[in-house]
>>> print(open('upload.pdb').read())   # PDB, N, CA and C atoms
MODEL        1
ATOM      1  N   MET A   1     113.004  16.298 -11.383
ATOM      2  CA  MET A   1     113.693  16.614 -10.148
ATOM      3  C   MET A   1     114.515  17.888 -10.289
ATOM      4  N   GLY A   2     114.950  18.179 -11.523
ATOM      5  CA  GLY A   2     115.771  19.353 -11.731
ATOM      6  C   GLY A   2     114.984  20.597 -12.094
ATOM      7  N   THR A   3     113.652  20.512 -12.127
ATOM      8  CA  THR A   3     112.842  21.679 -12.467
ATOM      9  C   THR A   3     113.058  22.764 -11.425
ATOM     10  N   ARG A   4     113.377  23.973 -11.915
ATOM     11  CA  ARG A   4     113.659  25.089 -11.019
ATOM     12  C   ARG A   4     112.421  25.944 -10.828
ATOM     13  N   PHE A   5     112.250  26.428  -9.602
ATOM     14  CA  PHE A   5     111.192  27.393  -9.304
ATOM     15  C   PHE A   5     111.633  28.190  -8.095
ATOM     16  N   SER A   6     110.996  29.328  -7.885
ATOM     17  CA  SER A   6     111.357  30.187  -6.756
ATOM     18  C   SER A   6     110.145  30.420  -5.883
ATOM     19  N   LEU A   7     110.377  30.696  -4.629
ATOM     20  CA  LEU A   7     109.312  31.091  -3.730
ATOM     21  C   LEU A   7     109.106  32.589  -3.845
ATOM     22  N   ALA A   8     108.160  33.130  -3.118
ATOM     23  CA  ALA A   8     107.768  34.531  -3.249
ATOM     24  C   ALA A   8     108.922  35.510  -3.079
ATOM     25  N   ASP A   9     109.912  35.178  -2.264
ATOM     26  CA  ASP A   9     111.003  36.131  -2.027
ATOM     27  C   ASP A   9     112.121  36.008  -3.071
ATOM     28  N   TYR A  10     111.967  35.142  -4.056
ATOM     29  CA  TYR A  10     112.933  34.965  -5.147
ATOM     30  C   TYR A  10     114.364  34.861  -4.633
ATOM     31  N   PRO A  11     114.707  33.712  -4.077
ATOM     32  CA  PRO A  11     116.084  33.545  -3.583
ATOM     33  C   PRO A  11     117.095  33.634  -4.717
ATOM     34  N   ARG A  12     118.319  33.892  -4.351
ATOM     35  CA  ARG A  12     119.359  34.059  -5.368
ATOM     36  C   ARG A  12     119.587  32.771  -6.160
ATOM     37  N   GLU A  13     119.557  31.643  -5.481
ATOM     38  CA  GLU A  13     119.713  30.368  -6.164
ATOM     39  C   GLU A  13     118.351  29.685  -6.189
ATOM     40  N   PRO A  14     117.737  29.553  -7.371
ATOM     41  CA  PRO A  14     116.382  28.982  -7.440
ATOM     42  C   PRO A  14     116.316  27.589  -6.816
ATOM     43  N   ILE A  15     115.179  27.302  -6.247
ATOM     44  CA  ILE A  15     114.939  26.009  -5.625
ATOM     45  C   ILE A  15     114.528  25.018  -6.708
ATOM     46  N   THR A  16     115.033  23.791  -6.628
ATOM     47  CA  THR A  16     114.616  22.732  -7.544
ATOM     48  C   THR A  16     113.631  21.826  -6.808
ATOM     49  N   VAL A  17     112.901  21.029  -7.577
ATOM     50  CA  VAL A  17     111.966  20.076  -6.986
ATOM     51  C   VAL A  17     112.730  19.140  -6.046
ATOM     52  N   LYS A  18     113.884  18.654  -6.478
ATOM     53  CA  LYS A  18     114.684  17.743  -5.657
ATOM     54  C   LYS A  18     115.060  18.396  -4.326
ATOM     55  N   ARG A  19     115.530  19.637  -4.390
ATOM     56  CA  ARG A  19     115.948  20.345  -3.176
ATOM     57  C   ARG A  19     114.776  20.522  -2.220
ATOM     58  N   LYS A  20     113.598  20.845  -2.766
ATOM     59  CA  LYS A  20     112.417  21.045  -1.928
ATOM     60  C   LYS A  20     111.994  19.732  -1.272
ATOM     61  N   LEU A  21     112.057  18.628  -2.020
ATOM     62  CA  LEU A  21     111.700  17.323  -1.464
ATOM     63  C   LEU A  21     112.646  16.943  -0.317
ATOM     64  N   ILE A  22     113.921  17.257  -0.481
ATOM     65  CA  ILE A  22     114.892  16.978   0.583
ATOM     66  C   ILE A  22     114.560  17.816   1.821
ATOM     67  N   GLN A  23     114.225  19.098   1.621
ATOM     68  CA  GLN A  23     113.877  19.972   2.741
ATOM     69  C   GLN A  23     112.668  19.435   3.512
ATOM     70  N   LEU A  24     111.726  18.814   2.792
ATOM     71  CA  LEU A  24     110.507  18.308   3.415
ATOM     72  C   LEU A  24     110.680  16.916   4.013
ATOM     73  N   GLY A  25     111.852  16.309   3.807
ATOM     74  CA  GLY A  25     112.062  14.947   4.280
ATOM     75  C   GLY A  25     111.157  13.972   3.560
ATOM     76  N   ALA A  26     110.946  14.198   2.275
ATOM     77  CA  ALA A  26     109.987  13.423   1.490
ATOM     78  C   ALA A  26     110.408  11.965   1.334
ATOM     79  N   TYR A  27     109.386  11.136   1.215
ATOM     80  CA  TYR A  27     109.593   9.723   0.926
ATOM     81  C   TYR A  27     108.473   9.248  -0.005
ATOM     82  N   CYS A  28     108.720   8.137  -0.666
ATOM     83  CA  CYS A  28     107.769   7.590  -1.625
ATOM     84  C   CYS A  28     107.140   6.336  -1.037
ATOM     85  N   ASN A  29     105.829   6.211  -1.198
ATOM     86  CA  ASN A  29     105.111   5.031  -0.736
ATOM     87  C   ASN A  29     103.981   4.751  -1.721
ATOM     88  N   ASP A  30     104.015   3.575  -2.330
ATOM     89  CA  ASP A  30     102.974   3.154  -3.270
ATOM     90  C   ASP A  30     102.793   4.152  -4.415
ATOM     91  N   GLY A  31     103.915   4.699  -4.916
ATOM     92  CA  GLY A  31     103.887   5.597  -6.061
ATOM     93  C   GLY A  31     103.489   7.034  -5.749
ATOM     94  N   LYS A  32     103.314   7.369  -4.484
ATOM     95  CA  LYS A  32     102.962   8.732  -4.089
ATOM     96  C   LYS A  32     104.076   9.289  -3.217
ATOM     97  N   ILE A  33     104.211  10.613  -3.213
ATOM     98  CA  ILE A  33     105.265  11.268  -2.436
ATOM     99  C   ILE A  33     104.639  11.954  -1.234
ATOM    100  N   PHE A  34     105.233  11.719  -0.051
ATOM    101  CA  PHE A  34     104.733  12.265   1.201
ATOM    102  C   PHE A  34     105.823  13.058   1.900
ATOM    103  N   ASP A  35     105.403  14.058   2.718
ATOM    104  CA  ASP A  35     106.385  14.772   3.537
ATOM    105  C   ASP A  35     106.688  13.937   4.777
ATOM    106  N   ARG A  36     107.608  14.394   5.614
ATOM    107  CA  ARG A  36     108.038  13.602   6.786
ATOM    108  C   ARG A  36     106.915  13.371   7.785
ATOM    109  N   TRP A  37     105.835  14.143   7.711
ATOM    110  CA  TRP A  37     104.707  13.978   8.628
ATOM    111  C   TRP A  37     103.598  13.107   8.036
ATOM    112  N   GLY A  38     103.831  12.585   6.804
ATOM    113  CA  GLY A  38     102.879  11.661   6.204
ATOM    114  C   GLY A  38     101.803  12.289   5.343
ATOM    115  N   LYS A  39     101.927  13.583   5.059
ATOM    116  CA  LYS A  39     100.941  14.245   4.206
ATOM    117  C   LYS A  39     101.429  14.204   2.758
ATOM    118  N   GLU A  40     100.540  13.829   1.844
ATOM    119  CA  GLU A  40     100.910  13.730   0.440
ATOM    120  C   GLU A  40     101.291  15.109  -0.111
ATOM    121  N   ILE A  41     102.301  15.142  -0.972
ATOM    122  CA  ILE A  41     102.817  16.392  -1.536
ATOM    123  C   ILE A  41     102.197  16.643  -2.909
ATOM    124  N   TYR A  42     101.826  17.898  -3.151
ATOM    125  CA  TYR A  42     101.242  18.322  -4.422
ATOM    126  C   TYR A  42     101.973  19.583  -4.869
ATOM    127  N   PHE A  43     102.641  19.525  -6.017
ATOM    128  CA  PHE A  43     103.293  20.712  -6.570
ATOM    129  C   PHE A  43     102.281  21.469  -7.410
ATOM    130  N   TYR A  44     102.084  22.735  -7.079
ATOM    131  CA  TYR A  44     101.065  23.570  -7.703
ATOM    132  C   TYR A  44     101.732  24.754  -8.394
ATOM    133  N   GLN A  45     101.593  24.813  -9.716
ATOM    134  CA  GLN A  45     102.186  25.936 -10.451
ATOM    135  C   GLN A  45     101.233  27.114 -10.379
ATOM    136  N   VAL A  46     101.688  28.173  -9.738
ATOM    137  CA  VAL A  46     100.874  29.364  -9.522
ATOM    138  C   VAL A  46     100.701  30.105 -10.844
ATOM    139  N   PRO A  47      99.444  30.315 -11.257
ATOM    140  CA  PRO A  47      99.231  31.084 -12.485
ATOM    141  C   PRO A  47      99.618  32.536 -12.255
ATOM    142  N   GLU A  48     100.447  33.053 -13.142
ATOM    143  CA  GLU A  48     100.892  34.440 -13.020
ATOM    144  C   GLU A  48     100.474  35.189 -14.277
ATOM    145  N   ASN A  49     100.050  36.421 -14.092
ATOM    146  CA  ASN A  49      99.697  37.270 -15.232
ATOM    147  C   ASN A  49     100.844  38.202 -15.538
ATOM    148  N   GLY A  50     101.148  38.341 -16.820
ATOM    149  CA  GLY A  50     102.203  39.254 -17.230
ATOM    150  C   GLY A  50     103.568  38.646 -17.052
ATOM    151  N   GLY A  51     104.604  39.481 -17.130
ATOM    152  CA  GLY A  51     105.974  39.011 -16.999
ATOM    153  C   GLY A  51     106.417  38.281 -18.258
ATOM    154  N   PRO A  52     107.639  37.735 -18.238
ATOM    155  CA  PRO A  52     108.159  37.080 -19.422
ATOM    156  C   PRO A  52     107.470  35.753 -19.714
ATOM    157  N   TRP A  53     106.782  35.174 -18.732
ATOM    158  CA  TRP A  53     106.108  33.900 -18.903
ATOM    159  C   TRP A  53     104.628  34.099 -18.621
ATOM    160  N   LEU A  54     103.796  33.467 -19.402
ATOM    161  CA  LEU A  54     102.360  33.532 -19.177
ATOM    162  C   LEU A  54     101.864  32.114 -19.000
ATOM    163  N   VAL A  55     101.296  31.820 -17.865
ATOM    164  CA  VAL A  55     100.787  30.484 -17.585
ATOM    165  C   VAL A  55      99.308  30.471 -17.936
ATOM    166  N   GLU A  56      98.906  29.536 -18.772
ATOM    167  CA  GLU A  56      97.509  29.418 -19.160
ATOM    168  C   GLU A  56      96.688  28.967 -17.953
ATOM    169  N   PRO A  57      95.494  29.547 -17.766
ATOM    170  CA  PRO A  57      94.662  29.093 -16.648
ATOM    171  C   PRO A  57      94.185  27.669 -16.895
ATOM    172  N   LEU A  58      93.927  26.952 -15.817
ATOM    173  CA  LEU A  58      93.424  25.594 -15.939
ATOM    174  C   LEU A  58      92.038  25.618 -16.568
ATOM    175  N   GLU A  59      91.698  24.558 -17.274
ATOM    176  CA  GLU A  59      90.400  24.480 -17.925
ATOM    177  C   GLU A  59      89.295  24.659 -16.891
ATOM    178  N   GLY A  60      88.338  25.504 -17.228
ATOM    179  CA  GLY A  60      87.230  25.741 -16.322
ATOM    180  C   GLY A  60      87.483  26.849 -15.307
ATOM    181  N   GLN A  61      88.697  27.345 -15.217
ATOM    182  CA  GLN A  61      88.995  28.408 -14.268
ATOM    183  C   GLN A  61      88.672  29.748 -14.935
ATOM    184  N   THR A  62      87.821  30.548 -14.278
ATOM    185  CA  THR A  62      87.388  31.783 -14.898
ATOM    186  C   THR A  62      87.874  33.022 -14.167
ATOM    187  N   ASN A  63      88.119  32.929 -12.873
ATOM    188  CA  ASN A  63      88.601  34.114 -12.172
ATOM    189  C   ASN A  63      89.442  33.712 -10.970
ATOM    190  N   SER A  64      90.004  34.711 -10.316
ATOM    191  CA  SER A  64      90.921  34.438  -9.204
ATOM    192  C   SER A  64      90.216  33.781  -8.015
ATOM    193  N   HIS A  65      88.921  34.048  -7.840
ATOM    194  CA  HIS A  65      88.193  33.420  -6.733
ATOM    195  C   HIS A  65      88.093  31.917  -6.938
ATOM    196  N   ASP A  66      87.860  31.480  -8.172
ATOM    197  CA  ASP A  66      87.816  30.052  -8.477
ATOM    198  C   ASP A  66      89.174  29.413  -8.180
ATOM    199  N   GLU A  67      90.233  30.100  -8.555
ATOM    200  CA  GLU A  67      91.587  29.589  -8.342
ATOM    201  C   GLU A  67      91.898  29.496  -6.849
ATOM    202  N   GLU A  68      91.493  30.495  -6.079
ATOM    203  CA  GLU A  68      91.708  30.473  -4.630
ATOM    204  C   GLU A  68      90.932  29.331  -3.985
ATOM    205  N   ASP A  69      89.699  29.100  -4.432
ATOM    206  CA  ASP A  69      88.894  28.000  -3.906
ATOM    207  C   ASP A  69      89.545  26.664  -4.222
ATOM    208  N   ARG A  70      90.066  26.513  -5.419
ATOM    209  CA  ARG A  70      90.731  25.278  -5.814
ATOM    210  C   ARG A  70      91.964  25.037  -4.937
ATOM    211  N   LEU A  71      92.732  26.081  -4.710
ATOM    212  CA  LEU A  71      93.935  25.963  -3.888
ATOM    213  C   LEU A  71      93.571  25.577  -2.449
ATOM    214  N   ARG A  72      92.548  26.205  -1.869
ATOM    215  CA  ARG A  72      92.109  25.865  -0.510
ATOM    216  C   ARG A  72      91.658  24.409  -0.433
ATOM    217  N   SER A  73      90.976  23.956  -1.456
ATOM    218  CA  SER A  73      90.516  22.568  -1.498
ATOM    219  C   SER A  73      91.702  21.595  -1.536
ATOM    220  N   LEU A  74      92.717  21.926  -2.342
ATOM    221  CA  LEU A  74      93.912  21.087  -2.422
ATOM    222  C   LEU A  74      94.642  21.041  -1.084
ATOM    223  N   GLN A  75      94.689  22.171  -0.387
ATOM    224  CA  GLN A  75      95.429  22.261   0.876
ATOM    225  C   GLN A  75      94.790  21.430   1.981
ATOM    226  N   LYS A  76      93.523  21.095   1.851
ATOM    227  CA  LYS A  76      92.878  20.241   2.844
ATOM    228  C   LYS A  76      93.421  18.814   2.777
ATOM    229  N   ARG A  77      93.806  18.369   1.588
ATOM    230  CA  ARG A  77      94.251  16.991   1.400
ATOM    231  C   ARG A  77      95.769  16.849   1.286
ATOM    232  N   TYR A  78      96.439  17.858   0.712
ATOM    233  CA  TYR A  78      97.850  17.756   0.379
ATOM    234  C   TYR A  78      98.680  18.814   1.093
ATOM    235  N   ARG A  79     100.000  18.575   1.145
ATOM    236  CA  ARG A  79     100.954  19.644   1.446
ATOM    237  C   ARG A  79     101.211  20.286   0.088
ATOM    238  N   VAL A  80     100.673  21.466  -0.131
ATOM    239  CA  VAL A  80     100.776  22.133  -1.428
ATOM    240  C   VAL A  80     102.057  22.955  -1.468
ATOM    241  N   ILE A  81     102.880  22.688  -2.481
ATOM    242  CA  ILE A  81     104.098  23.447  -2.704
ATOM    243  C   ILE A  81     103.838  24.357  -3.895
ATOM    244  N   LYS A  82     103.800  25.657  -3.642
ATOM    245  CA  LYS A  82     103.552  26.615  -4.721
ATOM    246  C   LYS A  82     104.813  26.782  -5.549
ATOM    247  N   MET A  83     104.663  26.654  -6.845
ATOM    248  CA  MET A  83     105.794  26.797  -7.761
ATOM    249  C   MET A  83     105.637  28.100  -8.537
ATOM    250  N   TYR A  84     106.596  28.991  -8.363
ATOM    251  CA  TYR A  84     106.657  30.234  -9.118
ATOM    252  C   TYR A  84     107.795  30.101 -10.110
ATOM    253  N   LEU A  85     107.610  30.634 -11.295
ATOM    254  CA  LEU A  85     108.685  30.582 -12.271
ATOM    255  C   LEU A  85     109.843  31.451 -11.801
ATOM    256  N   PRO A  86     111.081  31.000 -12.043
ATOM    257  CA  PRO A  86     112.219  31.808 -11.604
ATOM    258  C   PRO A  86     112.262  33.144 -12.323
ATOM    259  N   ASP A  87     112.834  34.116 -11.661
ATOM    260  CA  ASP A  87     112.983  35.454 -12.219
ATOM    261  C   ASP A  87     114.115  35.404 -13.248
ATOM    262  N   LEU A  88     113.755  35.332 -14.524
ATOM    263  CA  LEU A  88     114.723  35.188 -15.591
ATOM    264  C   LEU A  88     115.008  36.539 -16.245
ATOM    265  N   PRO A  89     116.201  36.725 -16.803
ATOM    266  CA  PRO A  89     116.487  37.981 -17.491
ATOM    267  C   PRO A  89     115.621  38.105 -18.746
ATOM    268  N   CYS A  90     115.368  39.347 -19.146
ATOM    269  CA  CYS A  90     114.533  39.577 -20.323
ATOM    270  C   CYS A  90     115.213  39.164 -21.617
ATOM    271  N   SER A  91     116.513  39.313 -21.693
ATOM    272  CA  SER A  91     117.220  38.934 -22.918
ATOM    273  C   SER A  91     118.335  37.976 -22.571
ATOM    274  N   PRO A  92     118.623  37.028 -23.460
ATOM    275  CA  PRO A  92     119.688  36.061 -23.174
ATOM    276  C   PRO A  92     121.062  36.725 -23.119
ATOM    277  N   GLU A  93     121.918  36.185 -22.249
ATOM    278  CA  GLU A  93     123.277  36.703 -22.160
ATOM    279  C   GLU A  93     124.080  36.191 -23.338
ATOM    280  N   ARG A  94     125.023  36.992 -23.803
ATOM    281  CA  ARG A  94     125.848  36.589 -24.943
ATOM    282  C   ARG A  94     127.257  36.353 -24.521
TER
ENDMDL
END
>>> encode(input="upload.pdb", output="structure tokens")
Amino acid sequence: MGTRFSLADYPREPITVKRKLIQLGAYCNDGKIFDRWGKEIYFYQVPENGGPWLVEPLEGQTNSHDEEDRLRSLQKRYRVIKMYLPDLPCSPER
């Protein structure tokens, strides 16, 4: 619930999973999480190239077209929440 991630515009205060679930009016039913309109929620970690973090591609994923197709397929069934890693400083503060 405390996992932090940012959306594309990188807000000043990163969004947590808990905060996003509250925004969506999420509820739990039979071990699954749904938004207020009854669509199941799926958190999707967006693979990013470069930067301080490198996300390994999912097994079997070979190019960006495959990844886009997978995302479109997920969006047909789920409310997909894209998770971007927060914009972290390059060196730790002392």
>>> atom_distance(input="upload.pdb", atom1="atom N of Leu74 of chain A", atom2="atom C of Glu40 of chain A")
11.2 Å
>>> closest_residue(input="upload.pdb", among="A:Lys20, A:Arg4, A:Arg77, A:Lys82", to="Lys39 of chain A", atoms="only N, CA and C atoms")
A:Arg77
>>> atom_distance(input="upload.pdb", atom1="atom N of Gly25 of chain A", atom2="atom C of Ile81 of chain A")
13.7 Å
>>> atom_distance(input="upload.pdb", atom1="atom C of Lys32 of chain A", atom2="atom C of Gln45 of chain A")
19.4 Å
>>> closest_residue(input="upload.pdb", among="A:Arg36, A:Phe43, A:Arg70, A:Ala26", to="Thr3 of chain A", atoms="only C-alpha atoms")
A:Phe43
>>> resolve_selection(input="upload.pdb", expression="the PyMOL selection byres ((chain A and resi 1) around 8)", output="PyMOL selection string")
chain A and resi 2-4+15-19
>>> residues_near_point(input="upload.pdb", point="(98.5, 18.9, 2.9)", cutoff="5 Å", atoms="all atoms listed in the file", output="list in words")
Gln75, Arg77, Tyr78, Arg79 and Val80 of chain A
>>> select_by_dssp(input="upload.pdb", residues="segment 11-48 of chain A", states="alpha helix (DSSP H)", output="MDAnalysis selection string")
chainID A and resid 17:23
